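What follows is the content of model_16.txt (compact mmCIF, C-alpha atoms).
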```
# COMPACT_ATOMS: atom_id res chain seq x y z
CA MET A 23 -14.89 -63.77 -53.76
CA THR A 24 -12.61 -61.13 -52.34
CA ASP A 25 -10.76 -58.68 -54.51
CA VAL A 26 -7.01 -58.40 -54.51
CA THR A 27 -7.23 -54.80 -53.21
CA ASP A 28 -8.71 -56.09 -49.94
CA SER A 29 -5.35 -57.51 -48.93
CA PHE A 30 -3.36 -54.31 -49.28
CA THR A 31 -3.69 -52.94 -45.76
CA SER A 32 -2.74 -54.37 -42.38
CA PRO A 33 -2.81 -52.80 -38.92
CA ALA A 34 0.67 -51.98 -37.60
CA PRO A 35 1.95 -54.31 -34.87
CA ALA A 36 0.89 -53.27 -31.36
CA GLY A 37 4.46 -52.58 -30.23
CA LEU A 38 5.44 -50.28 -33.10
CA LEU A 39 4.29 -46.99 -31.59
CA HIS A 40 6.09 -47.51 -28.31
CA SER A 41 9.20 -48.82 -29.99
CA VAL A 42 9.41 -45.67 -32.16
CA LEU A 43 8.78 -43.34 -29.21
CA TRP A 44 11.35 -45.22 -27.12
CA THR A 45 13.97 -44.90 -29.84
CA VAL A 46 13.53 -41.14 -30.20
CA GLY A 47 13.34 -40.60 -26.44
CA LEU A 48 9.61 -39.85 -26.14
CA ALA A 49 8.74 -42.91 -24.09
CA ASP A 50 10.28 -44.80 -21.19
CA ARG A 51 10.46 -48.43 -20.18
CA PHE A 52 10.31 -49.91 -16.72
CA VAL A 53 11.31 -52.94 -14.68
CA ARG A 54 10.28 -54.26 -11.29
CA ARG A 55 13.11 -54.83 -8.83
CA PRO A 56 13.49 -55.70 -5.14
CA SER A 57 14.55 -52.96 -2.73
CA PRO A 58 14.96 -52.56 1.04
CA LEU A 59 11.37 -51.20 1.05
CA GLY A 60 9.91 -54.03 -1.03
CA PRO A 61 9.41 -54.22 -4.80
CA VAL A 62 9.85 -50.99 -6.77
CA PHE A 63 9.24 -49.95 -10.37
CA VAL A 64 12.19 -48.24 -12.02
CA ALA A 65 11.70 -46.35 -15.32
CA TYR A 66 14.40 -45.25 -17.74
CA ASN A 67 15.02 -43.91 -21.21
CA ARG A 68 18.03 -43.21 -23.38
CA SER A 69 19.18 -40.32 -21.17
CA GLY A 70 19.06 -42.22 -17.91
CA VAL A 71 16.94 -43.52 -15.06
CA SER A 72 13.85 -41.34 -14.83
CA ALA A 73 11.68 -42.64 -12.00
CA CYS A 74 11.57 -45.03 -9.07
CA SER A 75 8.54 -45.75 -6.94
CA LEU A 76 7.23 -48.39 -4.60
CA ALA A 77 5.10 -51.03 -6.30
CA GLY A 78 1.62 -50.34 -4.97
CA PRO A 79 -1.22 -52.84 -4.66
CA ASP A 80 -2.45 -51.98 -8.16
CA GLY A 81 0.95 -52.72 -9.58
CA ALA A 82 2.29 -51.84 -12.98
CA GLU A 83 -0.83 -50.23 -14.41
CA ASP A 84 -0.96 -47.77 -11.56
CA PHE A 85 2.70 -46.97 -11.98
CA ALA A 86 2.34 -46.40 -15.74
CA HIS A 87 -0.63 -44.10 -15.15
CA ASP A 88 1.15 -42.05 -12.48
CA PHE A 89 4.26 -41.84 -14.62
CA ALA A 90 2.34 -40.53 -17.64
CA THR A 91 0.59 -37.96 -15.44
CA ARG A 92 3.80 -36.76 -13.84
CA PHE A 93 6.14 -36.77 -16.84
CA GLY A 94 3.77 -36.42 -19.79
CA ARG A 95 5.05 -39.43 -21.70
CA PRO A 96 4.15 -43.12 -21.78
CA VAL A 97 6.04 -45.92 -20.04
CA LEU A 98 5.81 -49.62 -20.84
CA ALA A 99 7.24 -52.73 -19.19
CA ASP A 100 10.60 -53.50 -20.79
CA PRO A 101 10.35 -56.80 -22.66
CA GLU A 102 14.15 -57.23 -22.61
CA PRO A 103 15.79 -55.16 -19.89
CA PRO A 104 19.56 -54.90 -20.45
CA ARG A 105 21.40 -57.13 -17.99
CA LEU A 106 24.05 -54.58 -17.15
CA LEU A 107 21.37 -52.04 -16.30
CA LEU A 108 19.66 -54.53 -13.97
CA ARG A 109 22.95 -55.20 -12.22
CA HIS A 110 23.61 -51.48 -11.67
CA LEU A 111 20.02 -50.90 -10.55
CA ASP A 112 20.17 -53.71 -8.01
CA ALA A 113 23.47 -52.42 -6.66
CA ALA A 114 22.12 -48.88 -6.38
CA LEU A 115 18.89 -50.06 -4.74
CA ALA A 116 21.00 -51.95 -2.21
CA GLY A 117 22.70 -48.64 -1.42
CA ALA A 118 25.99 -49.04 -3.27
CA ALA A 119 27.55 -46.31 -5.39
CA SER A 120 26.73 -46.85 -9.07
CA PRO A 121 27.63 -45.37 -12.45
CA LEU A 122 23.93 -44.96 -13.37
CA ARG A 123 22.93 -41.80 -15.22
CA TYR A 124 19.69 -40.05 -14.36
CA ASP A 125 17.15 -38.21 -16.47
CA LEU A 126 16.34 -35.21 -14.29
CA ARG A 127 14.86 -32.99 -17.01
CA THR A 128 11.84 -32.08 -14.88
CA VAL A 129 14.03 -31.08 -11.93
CA SER A 130 15.21 -27.47 -11.46
CA GLU A 131 18.87 -26.55 -11.58
CA PHE A 132 18.85 -26.07 -7.81
CA GLY A 133 17.15 -29.45 -7.37
CA ARG A 134 19.75 -31.14 -9.54
CA ALA A 135 22.56 -29.63 -7.46
CA VAL A 136 20.85 -30.89 -4.30
CA LEU A 137 20.39 -34.40 -5.70
CA ALA A 138 23.97 -34.54 -7.00
CA LYS A 139 25.22 -33.62 -3.55
CA ALA A 140 22.95 -36.15 -1.84
CA ALA A 141 24.34 -38.81 -4.17
CA GLU A 142 27.79 -38.21 -2.65
CA ILE A 143 26.72 -39.34 0.83
CA PRO A 144 28.09 -42.86 1.32
CA ARG A 145 25.94 -45.81 2.31
CA GLY A 146 25.64 -46.08 6.09
CA GLN A 147 26.03 -42.34 6.67
CA VAL A 148 23.73 -39.33 6.92
CA ARG A 149 24.13 -35.55 6.57
CA PRO A 150 21.87 -32.68 7.63
CA TYR A 151 19.81 -30.57 5.17
CA GLY A 152 21.95 -27.57 6.15
CA TRP A 153 25.09 -29.42 5.11
CA ILE A 154 23.75 -29.90 1.56
CA ALA A 155 22.74 -26.25 1.44
CA ALA A 156 26.22 -25.12 2.56
CA GLU A 157 28.02 -27.51 0.22
CA ILE A 158 26.19 -26.23 -2.86
CA GLY A 159 26.79 -22.62 -1.86
CA ARG A 160 23.22 -21.88 -0.72
CA ALA A 161 23.74 -21.92 3.04
CA ARG A 162 20.40 -20.26 3.79
CA ALA A 163 18.38 -22.63 1.63
CA ALA A 164 18.17 -25.64 4.01
CA ARG A 165 14.36 -25.63 3.80
CA ALA A 166 14.45 -25.53 -0.01
CA VAL A 167 16.87 -28.45 0.12
CA GLY A 168 14.23 -30.42 2.03
CA THR A 169 11.62 -29.58 -0.59
CA ALA A 170 13.93 -30.54 -3.45
CA LEU A 171 14.73 -33.88 -1.81
CA GLY A 172 11.01 -34.47 -1.29
CA HIS A 173 10.54 -34.20 -5.07
CA ASN A 174 13.38 -36.59 -5.89
CA PRO A 175 12.00 -38.59 -8.86
CA VAL A 176 14.41 -41.47 -8.13
CA PRO A 177 14.28 -42.11 -4.35
CA LEU A 178 16.47 -44.97 -3.06
CA LEU A 179 18.65 -44.68 -6.19
CA ILE A 180 19.64 -41.11 -5.37
CA PRO A 181 19.77 -41.50 -1.58
CA CYS A 182 17.66 -38.59 -0.34
CA HIS A 183 16.95 -40.79 2.68
CA ARG A 184 20.52 -40.10 3.84
CA VAL A 185 19.69 -36.45 4.49
CA VAL A 186 18.34 -35.72 7.97
CA ARG A 187 17.19 -32.72 9.96
CA SER A 188 19.84 -30.25 10.99
CA ASP A 189 19.15 -31.04 14.68
CA GLY A 190 20.07 -34.65 13.92
CA ARG A 191 16.58 -36.15 13.92
CA ILE A 192 15.60 -38.45 11.07
CA GLY A 193 12.96 -36.10 9.66
CA ASP A 194 10.56 -36.43 6.73
CA TYR A 195 10.75 -38.55 3.63
CA GLY A 196 8.80 -38.68 0.38
CA LEU A 197 7.85 -42.28 1.13
CA GLY A 198 7.13 -41.59 4.81
CA SER A 199 9.29 -41.30 7.92
CA PRO A 200 9.05 -45.01 8.91
CA ALA A 201 10.30 -45.95 5.43
CA LYS A 202 13.25 -43.61 5.90
CA ARG A 203 14.18 -45.30 9.17
CA ALA A 204 13.82 -48.71 7.53
CA VAL A 205 16.15 -47.91 4.60
CA LEU A 206 18.72 -46.32 6.89
CA ALA A 207 18.62 -49.34 9.19
CA ALA A 208 19.08 -51.61 6.16
CA GLU A 209 22.17 -49.59 5.27
CA GLY A 210 23.68 -50.00 8.73
CA VAL A 211 22.69 -46.68 10.29
CA GLU A 212 20.97 -47.01 13.65
CA PRO A 213 18.02 -44.61 13.56
CA ASP A 214 17.39 -44.94 17.31
CA GLU A 215 20.99 -44.03 18.05
CA LEU A 216 20.71 -40.95 15.81
CA GLU A 217 17.55 -39.87 17.62
CA ARG A 218 19.25 -40.39 21.01
CA LEU A 219 22.19 -38.20 20.00
CA ALA A 220 19.78 -35.56 18.69
CA ALA A 221 17.87 -35.61 21.98
CA ARG A 222 21.16 -35.00 23.81
CA ARG A 223 21.88 -32.14 21.36
CA VAL A 224 24.96 -33.94 20.09
CA ARG A 225 25.53 -32.97 16.46
CA PHE A 226 29.21 -33.74 16.05
CA VAL A 227 31.69 -36.25 17.35
CA ALA A 228 35.38 -35.51 17.84
CA SER A 229 38.50 -37.48 18.62
CA ALA A 230 40.51 -36.25 21.58
CA THR A 231 43.66 -37.71 20.03
CA THR A 232 43.44 -36.45 16.43
CA LYS A 233 41.64 -33.23 17.39
CA ILE A 234 39.30 -33.69 14.40
CA PHE A 235 35.50 -33.39 14.55
CA CYS A 236 33.00 -35.17 12.26
CA HIS A 237 29.35 -35.83 11.58
CA PRO A 238 28.39 -38.70 13.90
CA THR A 239 27.97 -41.22 11.04
CA CYS A 240 31.21 -40.31 9.24
CA ALA A 241 33.42 -43.35 8.71
CA ALA A 242 36.22 -41.59 10.59
CA ALA A 243 33.95 -40.81 13.55
CA ARG A 244 32.97 -44.46 13.86
CA ARG A 245 36.59 -45.43 14.32
CA ILE A 246 37.04 -43.20 17.40
CA THR A 247 37.37 -45.40 20.47
CA GLU A 248 35.00 -44.87 23.37
CA ASP A 249 37.76 -43.39 25.61
CA HIS A 250 38.67 -40.67 23.12
CA ARG A 251 35.19 -39.79 21.86
CA VAL A 252 34.07 -36.21 22.53
CA MET A 253 30.47 -35.14 21.92
CA LEU A 254 29.92 -31.64 20.55
CA GLY A 255 26.84 -29.49 19.98
CA SER A 256 28.06 -27.03 17.35
CA PRO A 257 30.99 -26.22 15.07
CA ALA A 258 31.65 -23.11 17.15
CA GLU A 259 32.01 -25.24 20.26
CA ALA A 260 34.34 -27.59 18.38
CA VAL A 261 36.55 -24.83 17.06
CA ALA A 262 36.67 -23.14 20.48
CA ALA A 263 37.85 -26.45 21.97
CA GLY A 264 40.66 -26.65 19.40
CA TYR A 265 39.19 -29.19 16.96
CA ARG A 266 39.40 -28.91 13.19
CA PRO A 267 36.72 -30.14 10.79
CA CYS A 268 37.11 -33.55 9.13
CA ARG A 269 38.11 -33.31 5.47
CA GLN A 270 35.91 -36.27 4.52
CA CYS A 271 32.53 -35.24 5.95
CA ARG A 272 33.18 -31.47 6.11
CA PRO A 273 31.07 -30.68 9.20
CA MET A 274 31.86 -26.96 9.13
CA PRO A 275 28.91 -25.03 7.74
CA ALA A 276 29.31 -21.91 5.63
CA PRO A 277 29.97 -18.69 7.57
CA ALA A 278 26.33 -17.58 7.10
CA CYS A 279 25.21 -20.00 9.85
CA PRO A 280 26.01 -18.86 13.38
CA MET F 12 3.21 -30.11 -34.45
CA ALA F 13 4.51 -26.79 -35.70
CA ALA F 14 5.13 -25.60 -32.17
CA ASP F 15 5.77 -28.67 -30.03
CA LEU F 16 7.14 -31.64 -31.95
CA ASP F 17 7.55 -33.87 -28.89
CA ALA F 18 3.95 -33.42 -27.80
CA ALA F 19 2.55 -33.96 -31.30
CA PHE F 20 4.77 -36.75 -32.57
CA PRO F 21 2.98 -39.69 -30.86
CA ASP F 22 -0.20 -38.69 -32.72
CA VAL F 23 1.73 -38.52 -36.00
CA VAL F 24 2.84 -42.12 -35.48
CA ARG F 25 -0.66 -43.22 -34.44
CA ALA F 26 -2.22 -41.59 -37.51
CA HIS F 27 0.24 -43.00 -40.04
CA GLN F 28 1.59 -46.27 -38.63
CA ASP F 29 -0.96 -48.52 -40.37
CA GLY F 30 -0.31 -46.92 -43.76
CA ILE F 31 3.47 -47.01 -43.47
CA TYR F 32 3.48 -50.55 -42.12
CA SER F 33 1.13 -51.65 -44.93
CA ILE F 34 3.43 -50.15 -47.56
CA ALA F 35 6.47 -51.80 -45.96
CA LEU F 36 4.77 -55.19 -45.66
CA ARG F 37 3.74 -55.25 -49.35
CA LEU F 38 7.18 -54.21 -50.49
CA THR F 39 9.17 -56.57 -48.25
CA GLY F 40 6.70 -59.43 -47.84
CA ALA F 41 7.89 -60.17 -44.30
CA PRO F 42 6.18 -58.80 -41.17
CA ALA F 43 9.38 -58.58 -39.10
CA GLU F 44 11.19 -56.74 -41.89
CA ALA F 45 8.18 -54.48 -42.42
CA GLU F 46 8.10 -53.59 -38.74
CA ASP F 47 11.77 -52.64 -38.88
CA VAL F 48 11.15 -50.51 -41.97
CA ALA F 49 8.21 -48.74 -40.30
CA GLN F 50 10.21 -48.15 -37.12
CA ASP F 51 13.14 -46.79 -39.09
CA THR F 52 10.83 -44.57 -41.16
CA PHE F 53 9.31 -42.86 -38.11
CA VAL F 54 12.64 -42.47 -36.34
CA ARG F 55 14.12 -40.82 -39.45
CA ALA F 56 11.03 -38.65 -39.77
CA TYR F 57 11.35 -37.49 -36.16
CA ARG F 58 15.01 -36.60 -36.57
CA ALA F 59 14.28 -34.72 -39.79
CA LEU F 60 11.39 -32.83 -38.17
CA GLN F 61 13.67 -31.79 -35.32
CA GLY F 62 15.71 -29.85 -37.85
CA TYR F 63 12.70 -28.19 -39.51
CA ASP F 64 11.41 -24.80 -38.42
CA SER F 65 7.73 -24.44 -37.62
CA ALA F 66 6.88 -22.93 -41.02
CA ARG F 67 8.32 -25.93 -42.81
CA ARG F 68 6.54 -28.36 -40.48
CA THR F 69 3.24 -26.61 -41.06
CA GLU F 70 3.36 -26.83 -44.84
CA LEU F 71 4.59 -30.43 -44.83
CA ALA F 72 2.18 -32.99 -46.32
CA LEU F 73 2.92 -35.78 -43.85
CA ARG F 74 1.39 -38.76 -45.63
CA PRO F 75 3.37 -38.50 -48.90
CA TRP F 76 6.47 -37.31 -47.04
CA LEU F 77 6.45 -40.34 -44.74
CA ALA F 78 5.73 -42.64 -47.69
CA ARG F 79 8.76 -41.31 -49.49
CA ILE F 80 10.94 -41.96 -46.44
CA ALA F 81 9.54 -45.51 -46.22
CA LEU F 82 10.40 -46.16 -49.89
CA ASN F 83 13.94 -44.94 -49.29
CA VAL F 84 14.31 -47.08 -46.18
CA CYS F 85 13.08 -50.14 -48.09
CA ARG F 86 15.50 -49.50 -50.92
CA ASN F 87 18.46 -48.87 -48.59
CA ARG F 88 17.78 -52.00 -46.56
CA ALA F 89 17.37 -54.14 -49.65
CA ARG F 90 20.63 -52.76 -51.00
CA ALA F 91 22.46 -53.25 -47.70
CA ALA F 92 21.22 -56.78 -47.27
CA SER F 93 21.94 -57.66 -50.92
CA ARG F 94 20.13 -60.90 -50.35
CA ARG F 95 19.47 -63.54 -52.94
CA PRO F 96 15.97 -63.09 -54.35
CA ARG F 97 13.52 -65.51 -52.85
CA THR F 98 11.54 -67.99 -54.90
CA ALA F 99 7.91 -67.04 -55.16
CA PRO F 100 5.87 -69.59 -53.19
CA PHE F 101 3.14 -69.91 -55.83
CA ASP F 102 5.27 -70.59 -58.86
CA ASP F 103 8.08 -73.09 -59.11
CA GLY F 104 9.38 -71.70 -62.37
CA VAL F 105 9.67 -67.98 -61.77
CA GLU F 106 12.08 -66.35 -59.39
CA ALA F 107 10.48 -63.31 -57.83
CA PRO F 108 12.46 -60.72 -55.92
CA ALA F 109 11.05 -60.13 -52.47
CA ALA F 110 13.26 -58.66 -49.81
CA GLY F 111 13.53 -60.49 -46.50
CA GLY F 112 11.01 -63.15 -45.69
CA ASP F 113 11.08 -65.66 -42.90
CA SER F 114 10.29 -68.82 -44.81
CA SER F 115 10.14 -70.89 -41.62
CA SER F 116 7.14 -68.95 -40.36
CA GLY F 117 3.90 -70.85 -40.63
CA VAL F 118 1.61 -67.98 -39.74
CA LEU F 119 -1.13 -67.70 -42.34
CA GLN F 120 -0.93 -63.92 -42.50
CA ASP F 121 2.79 -64.07 -43.10
CA GLU F 122 2.22 -66.35 -46.04
CA ALA F 123 -0.49 -64.12 -47.47
CA ALA F 124 1.76 -61.10 -47.12
CA GLY F 125 4.59 -63.02 -48.72
CA GLU F 126 2.40 -64.14 -51.61
CA LEU F 127 1.14 -60.66 -52.33
CA ALA F 128 4.64 -59.24 -52.10
CA ALA F 129 5.91 -61.93 -54.43
CA ALA F 130 3.14 -61.22 -56.93
CA LEU F 131 3.80 -57.49 -56.65
CA ALA F 132 7.45 -58.13 -57.32
CA LEU F 133 6.50 -59.40 -60.78
CA LEU F 134 5.19 -55.94 -61.71
CA PRO F 135 7.42 -53.32 -63.29
CA GLU F 136 8.88 -51.08 -60.58
CA PRO F 137 6.74 -47.96 -61.23
CA GLN F 138 3.53 -50.01 -61.29
CA ARG F 139 4.44 -51.84 -58.11
CA ARG F 140 5.22 -48.64 -56.24
CA SER F 141 2.13 -46.87 -57.54
CA VAL F 142 -0.16 -49.75 -56.54
CA VAL F 143 1.36 -50.06 -53.07
CA LEU F 144 1.40 -46.33 -52.32
CA HIS F 145 -2.19 -45.93 -53.49
CA HIS F 146 -3.76 -49.06 -52.01
CA SER F 147 -1.56 -49.75 -48.94
CA GLY F 148 -0.47 -46.24 -48.09
CA GLU F 149 -3.86 -44.82 -49.11
CA LEU F 150 -2.20 -41.93 -50.88
CA THR F 151 -4.25 -40.09 -53.51
CA TYR F 152 -3.11 -40.33 -57.13
CA ARG F 153 -1.82 -36.80 -56.79
CA GLU F 154 0.22 -37.68 -53.70
CA VAL F 155 1.63 -40.80 -55.38
CA ALA F 156 2.58 -38.66 -58.38
CA LEU F 157 4.34 -36.27 -56.00
CA VAL F 158 6.25 -39.03 -54.22
CA LEU F 159 7.35 -40.82 -57.39
CA GLY F 160 7.93 -37.67 -59.45
CA ARG F 161 5.70 -38.92 -62.28
CA PRO F 162 2.64 -37.39 -63.95
CA GLU F 163 -0.66 -38.06 -62.19
CA GLY F 164 -2.19 -39.59 -65.33
CA THR F 165 0.70 -42.03 -65.63
CA VAL F 166 0.34 -43.02 -61.97
CA LYS F 167 -3.37 -43.68 -62.43
CA ALA F 168 -2.70 -45.85 -65.46
CA ASP F 169 0.10 -47.70 -63.61
CA VAL F 170 -2.22 -48.49 -60.70
CA HIS F 171 -4.92 -49.85 -63.00
CA ARG F 172 -2.52 -51.89 -65.11
CA GLY F 173 -0.75 -53.18 -62.03
CA LEU F 174 -3.97 -54.30 -60.39
CA ALA F 175 -5.14 -55.99 -63.58
CA THR F 176 -1.90 -57.96 -63.71
CA LEU F 177 -2.18 -58.93 -60.04
CA ARG F 178 -5.74 -60.18 -60.56
CA SER F 179 -4.68 -62.36 -63.43
CA ILE F 180 -1.73 -63.72 -61.42
CA PHE F 181 -3.98 -64.72 -58.56
CA GLU F 182 -6.61 -66.13 -60.90
CA LEU F 183 -3.97 -68.30 -62.53
CA GLN F 184 -2.78 -69.38 -59.11
CA SER F 185 -6.26 -70.39 -57.90
CA ARG F 186 -6.75 -72.47 -61.03
CA GLU F 187 -3.42 -74.25 -60.69
CA LEU F 188 -3.69 -75.10 -57.04
CA PRO F 189 -6.21 -77.68 -55.83
CA ALA F 190 -8.90 -76.03 -53.76
```
This structure in structure tokens:
Amino acid sequence: MTDVTDSFTSPAPAGLLHSVLWTVGLADRFVRRPSPLGPVFVAYNRSGVSACSLAGPDGAEDFAHDFATRFGRPVLADPEPPRLLLRHLDAALAGAASPLRYDLRTVSEFGRAVLAKAAEIPRGQVRPYGWIAAEIGRARAARAVGTALGHNPVPLLIPCHRVVRSDGRIGDYGLGSPAKRAVLAAEGVEPDELERLAARRVRFVASATTKIFCHPTCAAARRITEDHRVMLGSPAEAVAAGYRPCRQCRPMPAPACP
Amino acid sequence: MAADLDAAFPDVVRAHQDGIYSIALRLTGAPAEAEDVAQDTFVRAYRALQGYDSARRTELALRPWLARIALNVCRNRARAASRRPRTAPFDDGVEAPAAGGDSSSGVLQDEAAGELAAALALLPEPQRRSVVLHHSGELTYREVALVLGRPEGTVKADVHRGLATLRSIFELQSRELPA
């Protein structure tokens, strides 16, 4: 016969540890969502979305392991992902602007400035690394901008794929150059057209009627009719020809660049 | 933990979750309620630890400290819920207070937990708390004395008397129910 004292202890439920850590912000949860590059895992915590990566062949376990290694905290599949969050995630993954917050605690201050600026580039458009550098007041740091974008913990959601080489070529991407072309194409940018312009050393497009010059993918540039389109190689050339920079896409780099 | 709370806290939860959950389950009698109590206990503990300097964290005796938080959480929840006491499942005459309790659950373990909690609820408050802290929380008599603010000798006596009463309750029950 068992004694009454045998029934005084029970193991805690399996989910308790994670639930506690989640509540105090020491653990994340993740969901699997579709994206232009196939299924992705997106992790988040109370401060915001913390990670996004392509779902590999080994799936969720692999993702959880990589996440723990990179961020030093556990991540578990969310048993009840909030609906509103899923809606915002799907919109952002499809390239739309979203009110999502991001947890960028492992990113440097410079990196955060770079990512915030990249997040301003609208769907269907691209900007050069040098443009980001100039916009955040670090005109000489174009290379560092590339590095910071390469370490973006939330690719696709913060659109680092919309930043291209300063000569206009598509350039590198954390998930590989072909993936970058694929996402851009899904967003309505024509990668082949960008490469053709780059090969012709065309970096800006101007309107002969408005006398304004733009980045080639700027919404305003796309409205210029064929007859009035002027191709330009540099801001200096544009200014010399009497054009002023577009106020939307701000193609004029900081004075530090010749 | 003194230096890096965030790095150490998962191990604090791992080390103490069974004890805190066991205390909560015996006091509430319902697994879902007990899980909430345990969760709340650790979240409160974390927030309190955030405000402590490293000296205070170092000298903290975690087991009794967490047990005290769990007791407070149990009491606050019971007060907030102000539920009608539930009828003890083993006795149709006596009303036994047991917070929470999902009576629709048919899980055997739930029933066992409910029965023990209901039997415990028949004990005088100090005995019940002493028994649960010592046998579920695995606190030493000295730690129980610390948590409850009672002399160690009294705690020891309460545990022994409480257990004796529980044994006789269950003995009575096994005689009354057909095998």
message: Should the cut-off be 8 Å, what would the residue list for chain F against chain A look like, counting all atoms listed in the file, as a VMD selection string?
response: chain F and resid 17 21 24 to 25 28 to 30 32 to 34 37 46 49 to 51 53 to 54 57 to 58 127 143 146 to 148 174 177 to 178
If you keep C-alpha atoms, can you produce a file of those selected residues as an mmCIF file, in the coordinates of the input?
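File written: again_32.cif
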```
data_model
loop_
_atom_site.group_PDB
_atom_site.id
_atom_site.type_symbol
_atom_site.label_atom_id
_atom_site.label_comp_id
_atom_site.auth_asym_id
_atom_site.auth_seq_id
_atom_site.Cartn_x
_atom_site.Cartn_y
_atom_site.Cartn_z
ATOM 1 C CA ASP F 17 7.550 -33.870 -28.890
ATOM 2 C CA PRO F 21 2.980 -39.690 -30.860
ATOM 3 C CA VAL F 24 2.840 -42.120 -35.480
ATOM 4 C CA ARG F 25 -0.660 -43.220 -34.440
ATOM 5 C CA GLN F 28 1.590 -46.270 -38.630
ATOM 6 C CA ASP F 29 -0.960 -48.520 -40.370
ATOM 7 C CA GLY F 30 -0.310 -46.920 -43.760
ATOM 8 C CA TYR F 32 3.480 -50.550 -42.120
ATOM 9 C CA SER F 33 1.130 -51.650 -44.930
ATOM 10 C CA ILE F 34 3.430 -50.150 -47.560
ATOM 11 C CA ARG F 37 3.740 -55.250 -49.350
ATOM 12 C CA GLU F 46 8.100 -53.590 -38.740
ATOM 13 C CA ALA F 49 8.210 -48.740 -40.300
ATOM 14 C CA GLN F 50 10.210 -48.150 -37.120
ATOM 15 C CA ASP F 51 13.140 -46.790 -39.090
ATOM 16 C CA PHE F 53 9.310 -42.860 -38.110
ATOM 17 C CA VAL F 54 12.640 -42.470 -36.340
ATOM 18 C CA TYR F 57 11.350 -37.490 -36.160
ATOM 19 C CA ARG F 58 15.010 -36.600 -36.570
ATOM 20 C CA LEU F 127 1.140 -60.660 -52.330
ATOM 21 C CA VAL F 143 1.360 -50.060 -53.070
ATOM 22 C CA HIS F 146 -3.760 -49.060 -52.010
ATOM 23 C CA SER F 147 -1.560 -49.750 -48.940
ATOM 24 C CA GLY F 148 -0.470 -46.240 -48.090
ATOM 25 C CA LEU F 174 -3.970 -54.300 -60.390
ATOM 26 C CA LEU F 177 -2.180 -58.930 -60.040
ATOM 27 C CA ARG F 178 -5.740 -60.180 -60.560
#
```
task: For atom CA of Pro162 of chain F and atom CA of Ile80 of chain F, determine how far apart the two atoms are, in Å to one decimal place.
output: 19.9 Å
query: Pick from F:Ala59, F:Ala66, F:Ala123, F:Asp47: nearest to Cys85 of chain F, with all atoms listed in the file counted?
result: F:Asp47
- line: Between F:Gly125, F:Gly164, F:Gly173, F:Ala92, smallest distance to Pro137 of chain F by all atoms listed in the file belongs to F:Gly173
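Counting only C-alpha atoms and comparing A:Ala164, A:Leu106, A:Ala228, A:Ala263, the residue that lies closest to Val136 of chain A is A:Ala164.
Atom to atom, atom CA of Gly60 of chain A and atom CA of Gly78 of chain A stand 9.9 Å apart.
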